[in-house]
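Notes follow the structure.
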Amino acid sequence: MRESFKRRALRGGVASAVLCLSLLSGCDLAPKYEAPKFIYPNGWSGKGVLVDGKPADDVPKGKWWEVFHDPQLNALEEKMLASNPDLQAQAEIFTQSRDIARETQAQLAPQLNGSAGMSNNKTSLTRLWRGANANSPTTESSVFYSGAATWEPDFFSRIRNATRMQKNMAQASAADYANLRLMLEAELASDYLGLRGLDAQYAVYDDSIRYYQTAVKITRLRQAGAIAAGLDVSRAENQLFATMASQSNVRAQRQVMEHAIAVMVNTVPGSFHITPSTNQTLPYTILRIPTGFPSQLLERRPDIASAERNLAANSRAIGVARAAFYPDVTFSLNGGFMNNGFDLASLGNSMWSYGVQAVEPLFTGGLRRAALQRAWSQYRESADHYRSTVLAAFQDVEDGISQTQAFADQQKQQMAAVDAALRTQRMTMALYTGGLTNYLDVVVAQQAALVARIDAVQAQTIQVQASVRLIKALGGGWDKVALPAVKDINPFGILQYDGLHHPRPAGDVDTRTGPADQDLSGATPANPPMKDLTAASSGR
């Protein structure tokens with residue numbers, strides 16, 4: 001009867017212990033996380049340029065640069081995305097963050113170890129304390145094999161919160177990759193459009209130089225006929241050579257811009273060339289880019305997504321800091337067989353031990369409290385950074401809206417100025433040829449016409465570049481759903497031991513590499529020479 005009561009009491013105690021362990025294992029000390037909620041205006045104002053926007057379902061998505069309808073730009077963007085070293089390095093940072101999360105999560109599983117060994121030992125016949133007539137053995141062998149297991153049940157979710165924190169940080173790393181990719185796409189597009197703007201300026205200078213060369217011939221003929229003074233020739237030559245000097249400066253700027261584009265597309269600048277365009281204006285129309293509502297910006301901007309995921313990770317760090325106030329409990333078990341021969345598989349040769357260890361620091365001089373306070377402070381810091389990122393994003397969009405519209409107006413007004421300046425130039429030259437005015441009026445008219453034409457090209461260039469900045473400010477069609485889900489962060493399967501050179505895909509991060517990455521010549525089977533692409537796109 002007493003034995004039965006003891007057994008029931010033992011079973012009840014075990015059941016109670018299991019229930020307590022189950023309850024403790026579900027204890028999460030991290031605060032409940034919710035992304036900050038901000039109050040937004042109804043729509044974009046653009047400083048009076050635009051009114052409330054409409055849902056931006058037609059905002060350029062994915063290959064947004066195709067809105068410029070330039071095959072050369074499309075080819076450059078594709079090559080940059082395929083082989084840019086900075087972008088590929090950021091993809092590897094994302095892979096490393098996934099591995100760190102997997103390393104942290106591995107602590108939740110029991111850690112199993114196995115060991116085996118053997119030794120053969122001989123002692124000296126004349127060792128100390130061995131008598132002359134001793135018959136004890138001088139040789140002995142030992143063979144053993146054993147296994148050990150340790151497990152931390154994570155009663156207070158220290159490991160689980162650390163795992164969630166690392167997975168949130170991996171998501172932030174994926175957003176950093178998307179942000180860098182968007183920055184590189186926008187930088188390449190802006191540089192390319194700037195280069196085409198320099199081509200147009202060079203063509204304008206070319207046309208003006210031909211005109212000024214004709215003017216120099218006219219002044220020299222008039223001087224030879226004693227109709228004009230040598231001063232007119234000097235003024236004409238000064239205008240010609242000053243314009244040629246300005247053209248040389250544009251050529252230098254273009255070469256530097258071309259070198260920057262070459263590096264972005266993984267090519268040595270010396271072997272890279274984009275055939276210049278001879279158009280005196282840029283072949284791009286004014287884009288009307290819908291902006292949508294401010295609240296949508298949080299879903300489109302990868303830098304905002306990165307800041308929000310870091311905020312979520314820091315909320316989990318609070319749970320890790322809180323768990324440090326509670327004991328760390330570890331279960332351990334090891335056992336095996338040992339014998340001085342090879343007959344191990346018998347109970348007599350078995351060995352085993354098991355135990356439970358709980359460690360609770362009793363006094364640390366404020367160490368854990370300081371760590372907890374620091375965790376709260378880091379959380380608030382990341383919340384402030386998140387809010388700052390959101391405000392900066394709003395500023396980027398407002399700047400883009402204001403600039404695109406204002407620069408479009410500037411472009412139209414500058415073209416009108418060009419028409420007026422060219423009319424003045426033609427009339428003054430006709431008057432001078434007829435002897436009805438002096439050459440100083442011609443020089444003034446020529447300078448005004450040249451400045452107006454260069455300003456018109458620059459106005460068009462900064463207008464299309466402002467369109468690029470606005471698309472970038474709106475996220476370039478990226479959406480938060482492109483972030484990898486928490487369940488997809490693990491870079492490999494539980495029982496996967498092959499194919500570990502590259503992680504399994506997660507989100508829209510491209511970790512592929514290939515032989516073309518090592519080819520810095522800019523001409524591979526998949527990527528023909530850039531000058532050939534340019535010739536094809538320009539119809540020459």
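Simple scheme: letters A, B, ... for chains in structure tokens order, numbers from 1 for residues in each chain, numbers from 1 for ligands in the order shown.
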
Which polymer residues have any atom within 12 Å of an atom of Ala242 (chain A), counting only C-alpha atoms, with same-chain residues fewer than 4 positions away left out, as a CSV table (one decimal) with C-alpha atoms, in the first residue's frame?
chain,number,residue,atom,x,y,z
A,205,TYR,CA,29.5,73.4,-79.2
A,208,SER,CA,28.5,76.7,-82.7
A,209,ILE,CA,32.1,76.2,-83.6
A,212,TYR,CA,32.0,80.8,-85.5
A,234,SER,CA,40.1,89.4,-83.0
A,235,ARG,CA,36.6,89.3,-81.4
A,236,ALA,CA,35.5,86.5,-83.8
A,237,GLU,CA,38.7,84.5,-83.1
A,238,ASN,CA,38.3,84.9,-79.3
A,246,SER,CA,34.6,74.9,-73.4
A,247,GLN,CA,34.0,71.9,-75.7
A,248,SER,CA,37.3,70.3,-74.5
A,249,ASN,CA,36.1,70.7,-70.9
A,447,GLN,CA,27.3,84.4,-76.7
A,450,LEU,CA,25.4,79.7,-77.0

In region 42-278 of chain A, DSSP helix (DSSP H, G or I) residues written as a PyMOL selection string: chain A and resi 46-48+64-68+71-83+85-108+158-224+230-264+269-271

Spatial neighbours of region 145-162 of chain A, max dist 7 Å, only C-alpha atoms, sep filter under 4 positions, as a PyMOL selection string: chain A and resi 24-29+104+107-117+166+316-317+319-320+323+329-338

Contacts of Gly400 (chain A) within 9 Å, only C-alpha atoms, excl. fewer than 6 positions in-chain, as a ChimeraX atom specification: /A:46,466-471,473

Create the file for the chosen residues now, containing C-alpha atoms and written as an mmCIF file, in the first residue's frame.
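Listing of part.cif after writing:
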data_model
loop_
_atom_site.group_PDB
_atom_site.id
_atom_site.type_symbol
_atom_site.label_atom_id
_atom_site.label_comp_id
_atom_site.auth_asym_id
_atom_site.auth_seq_id
_atom_site.Cartn_x
_atom_site.Cartn_y
_atom_site.Cartn_z
ATOM 1 C CA GLY A 46 4.780 68.994 -53.603
ATOM 2 C CA ALA A 466 15.152 64.549 -61.232
ATOM 3 C CA SER A 467 12.706 61.963 -62.603
ATOM 4 C CA VAL A 468 15.214 59.260 -61.688
ATOM 5 C CA ARG A 469 15.520 60.671 -58.176
ATOM 6 C CA LEU A 470 11.738 60.737 -57.776
ATOM 7 C CA ILE A 471 11.425 57.112 -58.903
ATOM 8 C CA ALA A 473 12.492 58.195 -53.674
#

Nearest to Lys472 (chain A), chosen from A:Gln96, A:Thr428, A:Ser142, A:Asn179, with only C-alpha atoms counted in the distances: A:Asn179

Straight-line distance linking CA of Lys37 (chain A) with CA of Gln171 (chain A), stated in Å to one decimal: 20.3 Å

Polymer residues at most 7 Å from region 267-284 of chain A, only C-alpha atoms, same-chain spacing of 2 or more positions, as a VMD selection string: chain A and resid 68 196 to 197 199 to 201 203 to 204 259 262 to 263 265 286 457 520 to 522 530 to 531 534

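Relative to CA of Val418 (chain A), CA of Ala445 (chain A) is found at 11.4 Å.
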
Coordinates-based distance that separates CA of Arg98 (chain A) from CA of Ala170 (chain A) (Å, one decimal): 5.6 Å

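Between Gln239 (chain A) and the candidates A:Ser315, A:Gly434, A:Ala252, A:Gln446, the tightest atom-to-atom separation, counting only C-alpha atoms, involves A:Gln446.
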
All residues 9 Å or closer to Ala452 (chain A), only C-alpha atoms, same chain fewer than 4 positions away omitted, as a PDB file with N, CA and C atoms, in the first residue's frame:
ATOM      1  N   GLN A 414      13.314  77.594 -71.107  1.00  0.00           N
ATOM      2  CA  GLN A 414      14.648  77.731 -71.683  1.00  0.00           C
ATOM      3  C   GLN A 414      14.632  77.503 -73.183  1.00  0.00           C
ATOM      4  N   MET A 415      13.774  76.604 -73.655  1.00  0.00           N
ATOM      5  CA  MET A 415      13.660  76.385 -75.101  1.00  0.00           C
ATOM      6  C   MET A 415      13.123  77.638 -75.787  1.00  0.00           C
ATOM      7  N   ALA A 417      13.707  80.617 -74.706  1.00  0.00           N
ATOM      8  CA  ALA A 417      14.856  81.527 -74.718  1.00  0.00           C
ATOM      9  C   ALA A 417      15.820  81.188 -75.854  1.00  0.00           C
ATOM     10  N   VAL A 418      15.981  79.894 -76.138  1.00  0.00           N
ATOM     11  CA  VAL A 418      16.860  79.477 -77.233  1.00  0.00           C
ATOM     12  C   VAL A 418      16.329  80.001 -78.561  1.00  0.00           C
ATOM     13  N   ASP A 419      15.046  79.865 -78.788  1.00  0.00           N
ATOM     14  CA  ASP A 419      14.455  80.352 -80.045  1.00  0.00           C
ATOM     15  C   ASP A 419      14.699  81.847 -80.213  1.00  0.00           C
ATOM     16  N   ALA A 421      17.080  83.684 -78.779  1.00  0.00           N
ATOM     17  CA  ALA A 421      18.509  83.973 -78.924  1.00  0.00           C
ATOM     18  C   ALA A 421      19.003  83.632 -80.326  1.00  0.00           C
ATOM     19  N   LEU A 422      18.517  82.531 -80.898  1.00  0.00           N
ATOM     20  CA  LEU A 422      18.941  82.169 -82.253  1.00  0.00           C
ATOM     21  C   LEU A 422      18.425  83.174 -83.283  1.00  0.00           C
ATOM     22  N   GLN A 447      27.145  84.920 -78.041  1.00  0.00           N
ATOM     23  CA  GLN A 447      27.334  84.433 -76.676  1.00  0.00           C
ATOM     24  C   GLN A 447      25.982  84.116 -76.021  1.00  0.00           C
ATOM     25  N   ALA A 448      25.011  84.980 -76.223  1.00  0.00           N
ATOM     26  CA  ALA A 448      23.685  84.755 -75.648  1.00  0.00           C
ATOM     27  C   ALA A 448      23.051  83.498 -76.221  1.00  0.00           C
ATOM     28  N   ALA A 456      19.715  75.128 -72.067  1.00  0.00           N
ATOM     29  CA  ALA A 456      18.559  74.303 -72.429  1.00  0.00           C
ATOM     30  C   ALA A 456      18.897  72.818 -72.291  1.00  0.00           C
ATOM     31  N   VAL A 457      20.093  72.430 -72.753  1.00  0.00           N
ATOM     32  CA  VAL A 457      20.508  71.025 -72.613  1.00  0.00           C
ATOM     33  C   VAL A 457      20.646  70.656 -71.138  1.00  0.00           C
TER      34      VAL A 457
END

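Closest approach to Glu34 (chain A) from the set A:Pro491, A:Gln465, A:Ala313, A:Thr123 is made by A:Ala313, with distances taken over only C-alpha atoms.
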
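Taking only C-alpha atoms into account, Gln460 (chain A) lies nearest to A:Thr285 out of the set A:Thr389, A:Thr285, A:Gln105, A:Thr163.
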
All residues 6 Å or closer to Ala375 (chain A), only C-alpha atoms, same chain fewer than 3 positions away omitted, as JSON, numbers by chain: {"A": [318, 372, 378]}

File dump, residues just selected, C-alpha atoms, as a CSV table (one decimal), in the first residue's frame:
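File selection-v7.csv, as written:
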chain,number,residue,atom,x,y,z
A,318,ILE,CA,15.0,43.3,-24.5
A,372,LEU,CA,18.6,45.7,-19.7
A,378,GLN,CA,18.9,50.8,-28.1

Filtered DSSP result for region 21-225 of chain A, state strand (DSSP E), as a PyMOL selection string: chain A and resi 111-122+139-151
